[in-house]
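Below is start09.cif, which holds mmCIF, C-alpha atoms, pLDDT in the B column; chains and numbers go by the auth columns.
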data_input
#
loop_
_atom_site.group_PDB
_atom_site.id
_atom_site.type_symbol
_atom_site.label_atom_id
_atom_site.label_comp_id
_atom_site.label_asym_id
_atom_site.label_seq_id
_atom_site.Cartn_x
_atom_site.Cartn_y
_atom_site.Cartn_z
_atom_site.B_iso_or_equiv
_atom_site.auth_seq_id
_atom_site.auth_asym_id
ATOM 1 C CA MET A 1 -11.200 -13.852 -12.518 45.00 1 A
ATOM 2 C CA SER A 2 -13.863 -12.906 -9.996 55.00 2 A
ATOM 3 C CA VAL A 3 -17.551 -13.084 -10.799 54.00 3 A
ATOM 4 C CA LEU A 4 -18.019 -9.326 -10.368 54.00 4 A
ATOM 5 C CA ILE A 5 -15.203 -8.511 -12.785 50.00 5 A
ATOM 6 C CA ARG A 6 -16.635 -10.889 -15.382 50.00 6 A
ATOM 7 C CA VAL A 7 -20.115 -9.403 -15.010 50.00 7 A
ATOM 8 C CA LEU A 8 -18.697 -5.885 -15.152 49.00 8 A
ATOM 9 C CA LEU A 9 -16.760 -6.617 -18.316 43.00 9 A
ATOM 10 C CA LEU A 10 -19.770 -8.154 -19.996 44.00 10 A
ATOM 11 C CA SER A 11 -22.281 -5.567 -18.853 44.00 11 A
ATOM 12 C CA CYS A 12 -20.287 -2.536 -19.897 45.00 12 A
ATOM 13 C CA GLY A 13 -19.046 -3.855 -23.208 38.00 13 A
ATOM 14 C CA PHE A 14 -15.449 -4.143 -22.055 34.00 14 A
ATOM 15 C CA VAL A 15 -15.359 -0.429 -21.161 37.00 15 A
ATOM 16 C CA LEU A 16 -13.125 -1.346 -18.229 36.00 16 A
ATOM 17 C CA CYS A 17 -10.346 -2.359 -20.624 37.00 17 A
ATOM 18 C CA MET A 18 -8.919 1.119 -20.608 38.00 18 A
ATOM 19 C CA PRO A 19 -5.830 2.709 -19.154 39.00 19 A
ATOM 20 C CA VAL A 20 -5.290 2.273 -15.452 42.00 20 A
ATOM 21 C CA HIS A 21 -6.869 5.007 -13.316 45.00 21 A
ATOM 22 C CA ALA A 22 -8.907 6.607 -16.061 54.00 22 A
ATOM 23 C CA GLU A 23 -11.640 8.779 -14.595 83.00 23 A
ATOM 24 C CA LEU A 24 -14.655 6.799 -13.414 90.00 24 A
ATOM 25 C CA SER A 25 -17.449 7.228 -15.953 92.00 25 A
ATOM 26 C CA CYS A 26 -21.173 7.122 -15.293 93.00 26 A
ATOM 27 C CA ASP A 27 -21.388 4.081 -17.555 94.00 27 A
ATOM 28 C CA GLN A 28 -18.856 2.252 -15.389 93.00 28 A
ATOM 29 C CA LEU A 29 -20.636 3.273 -12.206 94.00 29 A
ATOM 30 C CA VAL A 30 -24.017 2.126 -13.502 95.00 30 A
ATOM 31 C CA ALA A 31 -22.508 -1.121 -14.851 95.00 31 A
ATOM 32 C CA SER A 32 -20.977 -1.802 -11.439 94.00 32 A
ATOM 33 C CA ALA A 33 -24.321 -1.283 -9.723 96.00 33 A
ATOM 34 C CA GLN A 34 -26.053 -3.465 -12.310 96.00 34 A
ATOM 35 C CA ALA A 35 -23.472 -6.190 -11.751 95.00 35 A
ATOM 36 C CA GLY A 36 -24.139 -5.969 -8.023 95.00 36 A
ATOM 37 C CA LEU A 37 -27.873 -6.325 -8.642 96.00 37 A
ATOM 38 C CA ALA A 38 -27.275 -9.326 -10.906 96.00 38 A
ATOM 39 C CA LEU A 39 -25.238 -10.979 -8.161 95.00 39 A
ATOM 40 C CA ARG A 40 -27.922 -10.112 -5.589 96.00 40 A
ATOM 41 C CA ASP A 41 -30.560 -11.681 -7.813 96.00 41 A
ATOM 42 C CA ARG A 42 -28.462 -14.864 -7.907 96.00 42 A
ATOM 43 C CA GLY A 43 -28.344 -14.964 -4.106 96.00 43 A
ATOM 44 C CA ALA A 44 -25.125 -13.108 -3.259 96.00 44 A
ATOM 45 C CA SER A 45 -25.036 -11.049 -0.087 97.00 45 A
ATOM 46 C CA LEU A 46 -24.177 -7.365 -0.007 97.00 46 A
ATOM 47 C CA GLY A 47 -20.992 -8.209 1.891 96.00 47 A
ATOM 48 C CA TYR A 48 -19.909 -10.595 -0.853 96.00 48 A
ATOM 49 C CA VAL A 49 -20.586 -8.071 -3.601 95.00 49 A
ATOM 50 C CA LEU A 50 -18.718 -5.315 -1.767 96.00 50 A
ATOM 51 C CA ALA A 51 -15.810 -7.679 -1.086 95.00 51 A
ATOM 52 C CA GLU A 52 -15.501 -8.195 -4.839 92.00 52 A
ATOM 53 C CA THR A 53 -14.582 -4.507 -5.152 93.00 53 A
ATOM 54 C CA GLU A 54 -11.480 -5.197 -3.029 93.00 54 A
ATOM 55 C CA SER A 55 -9.857 -7.354 -5.705 92.00 55 A
ATOM 56 C CA ARG A 56 -6.443 -6.442 -7.061 92.00 56 A
ATOM 57 C CA ASP A 57 -7.951 -5.950 -10.489 91.00 57 A
ATOM 58 C CA MET A 58 -10.470 -3.408 -9.219 91.00 58 A
ATOM 59 C CA GLN A 59 -7.800 -1.651 -7.160 91.00 59 A
ATOM 60 C CA ALA A 60 -5.571 -1.462 -10.219 91.00 60 A
ATOM 61 C CA ARG A 61 -8.316 0.023 -12.375 90.00 61 A
ATOM 62 C CA PHE A 62 -9.753 2.580 -9.979 92.00 62 A
ATOM 63 C CA LYS A 63 -8.479 5.099 -7.462 93.00 63 A
ATOM 64 C CA PRO A 64 -9.488 4.556 -3.815 94.00 64 A
ATOM 65 C CA ASP A 65 -12.028 7.387 -3.920 93.00 65 A
ATOM 66 C CA GLU A 66 -13.544 5.950 -7.117 94.00 66 A
ATOM 67 C CA LEU A 67 -13.864 2.550 -5.442 95.00 67 A
ATOM 68 C CA GLY A 68 -15.653 4.307 -2.592 94.00 68 A
ATOM 69 C CA VAL A 69 -18.149 5.773 -5.060 94.00 69 A
ATOM 70 C CA ILE A 70 -18.605 2.361 -6.683 95.00 70 A
ATOM 71 C CA ARG A 71 -19.197 0.731 -3.285 96.00 71 A
ATOM 72 C CA ARG A 72 -21.728 3.396 -2.311 95.00 72 A
ATOM 73 C CA ALA A 73 -23.586 2.996 -5.618 95.00 73 A
ATOM 74 C CA ILE A 74 -23.642 -0.774 -5.179 96.00 74 A
ATOM 75 C CA ARG A 75 -24.891 -0.457 -1.606 96.00 75 A
ATOM 76 C CA LEU A 76 -27.641 2.026 -2.478 96.00 76 A
ATOM 77 C CA THR A 77 -28.950 0.075 -5.475 96.00 77 A
ATOM 78 C CA PHE A 78 -28.545 -3.305 -3.756 97.00 78 A
ATOM 79 C CA THR A 79 -30.769 -2.178 -0.885 96.00 79 A
ATOM 80 C CA GLY A 80 -33.251 -0.453 -3.194 95.00 80 A
ATOM 81 C CA GLU A 81 -32.640 3.013 -1.778 95.00 81 A
ATOM 82 C CA VAL A 82 -31.770 4.241 -5.282 94.00 82 A
ATOM 83 C CA SER A 83 -32.819 2.780 -8.633 96.00 83 A
ATOM 84 C CA ILE A 84 -30.423 2.242 -11.506 95.00 84 A
ATOM 85 C CA TYR A 85 -32.293 4.988 -13.373 95.00 85 A
ATOM 86 C CA GLU A 86 -31.829 7.431 -10.475 95.00 86 A
ATOM 87 C CA LEU A 87 -28.158 6.512 -10.204 94.00 87 A
ATOM 88 C CA ALA A 88 -27.576 7.109 -13.909 93.00 88 A
ATOM 89 C CA SER A 89 -29.505 10.367 -13.897 93.00 89 A
ATOM 90 C CA ASN A 90 -27.789 11.728 -10.792 91.00 90 A
ATOM 91 C CA CYS A 91 -24.373 10.741 -12.085 89.00 91 A
ATOM 92 C CA GLU A 92 -24.918 12.467 -15.419 87.00 92 A
ATOM 93 C CA ASP A 93 -26.247 15.559 -13.649 87.00 93 A
ATOM 94 C CA GLY A 94 -23.213 15.576 -11.368 82.00 94 A
ATOM 95 C CA LYS A 95 -20.748 15.115 -14.212 73.00 95 A
ATOM 96 C CA GLY A 96 -22.439 17.881 -16.189 63.00 96 A
ATOM 97 C CA SER A 97 -22.319 20.365 -13.346 50.00 97 A
ATOM 98 C CA GLY A 98 -18.774 19.386 -12.487 44.00 98 A
ATOM 99 C CA SER A 99 -17.496 20.030 -15.981 40.00 99 A
ATOM 100 C CA ARG A 100 -18.757 23.578 -16.370 33.00 100 A
ATOM 101 C CA ARG A 101 -16.061 26.156 -16.841 31.00 101 A
#
Could I get this file's structure written as structure tokens?
Amino acid sequence: MSVLIRVLLLSCGFVLCMPVHAELSCDQLVASAQAGLALRDRGASLGYVLAETESRDMQARFKPDELGVIRRAIRLTFTGEVSIYELASNCEDGKGSGSRR
């Protein structure tokens, strides 16, 4: 099992153990970014962290467009362009506005 998957499972309280292709939640997105930061803090490169999102397990759990969102969140938080707080806030705002009827 890859390091990113293990960190993701631990950091989001096993939220990823859900049906295949469930809609990407803000909690999962933030947990993915946090896992990327944890790997960065242990010396992993951005390329390595992003490569971890290419695993079969990740591809089985998320749709291609969801993986794109995860990769973008990882990239933005890894480089410090966006904080975890900003990511969480923007995601919640986006989900709220997207669910209005």
For A:Leu29, the nearest of the candidates A:Leu76, A:Val69, A:Val49, A:Gln59, counting only C-alpha atoms:
A:Val69
To one decimal place in Å, what is the distance between atom CA of A:Ile74 and atom CA of A:Gly36?
5.9 Å
Enter the distance from atom CA of A:Leu46 to atom CA of A:Glu23, in Å, rounded to one decimal.
25.1 Å
One decimal place gives the atom CA of A:Ile84-atom CA of A:Val30 separation as 6.7 Å
Minimum-distance residue to A:Ala44, chosen among A:Ser83, A:Cys91, A:Lys63, A:Phe78 (using all atoms listed in the file):
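Using all atoms listed in the file, the shortest distance to A:Ala44 belongs to A:Phe78.
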Compare A:Ala31, A:Ala60, A:Leu39, A:Leu50 by their minimum atom-to-atom distance to A:Arg75, counting only C-alpha atoms, and give me the closest one.
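Closest to A:Arg75, using only C-alpha atoms: A:Leu50.
Each of A:Tyr48, A:Pro64, A:Arg40, A:Ser25 was compared to A:Thr79 using all atoms listed in the file, and A:Arg40 turns out to be the nearest.
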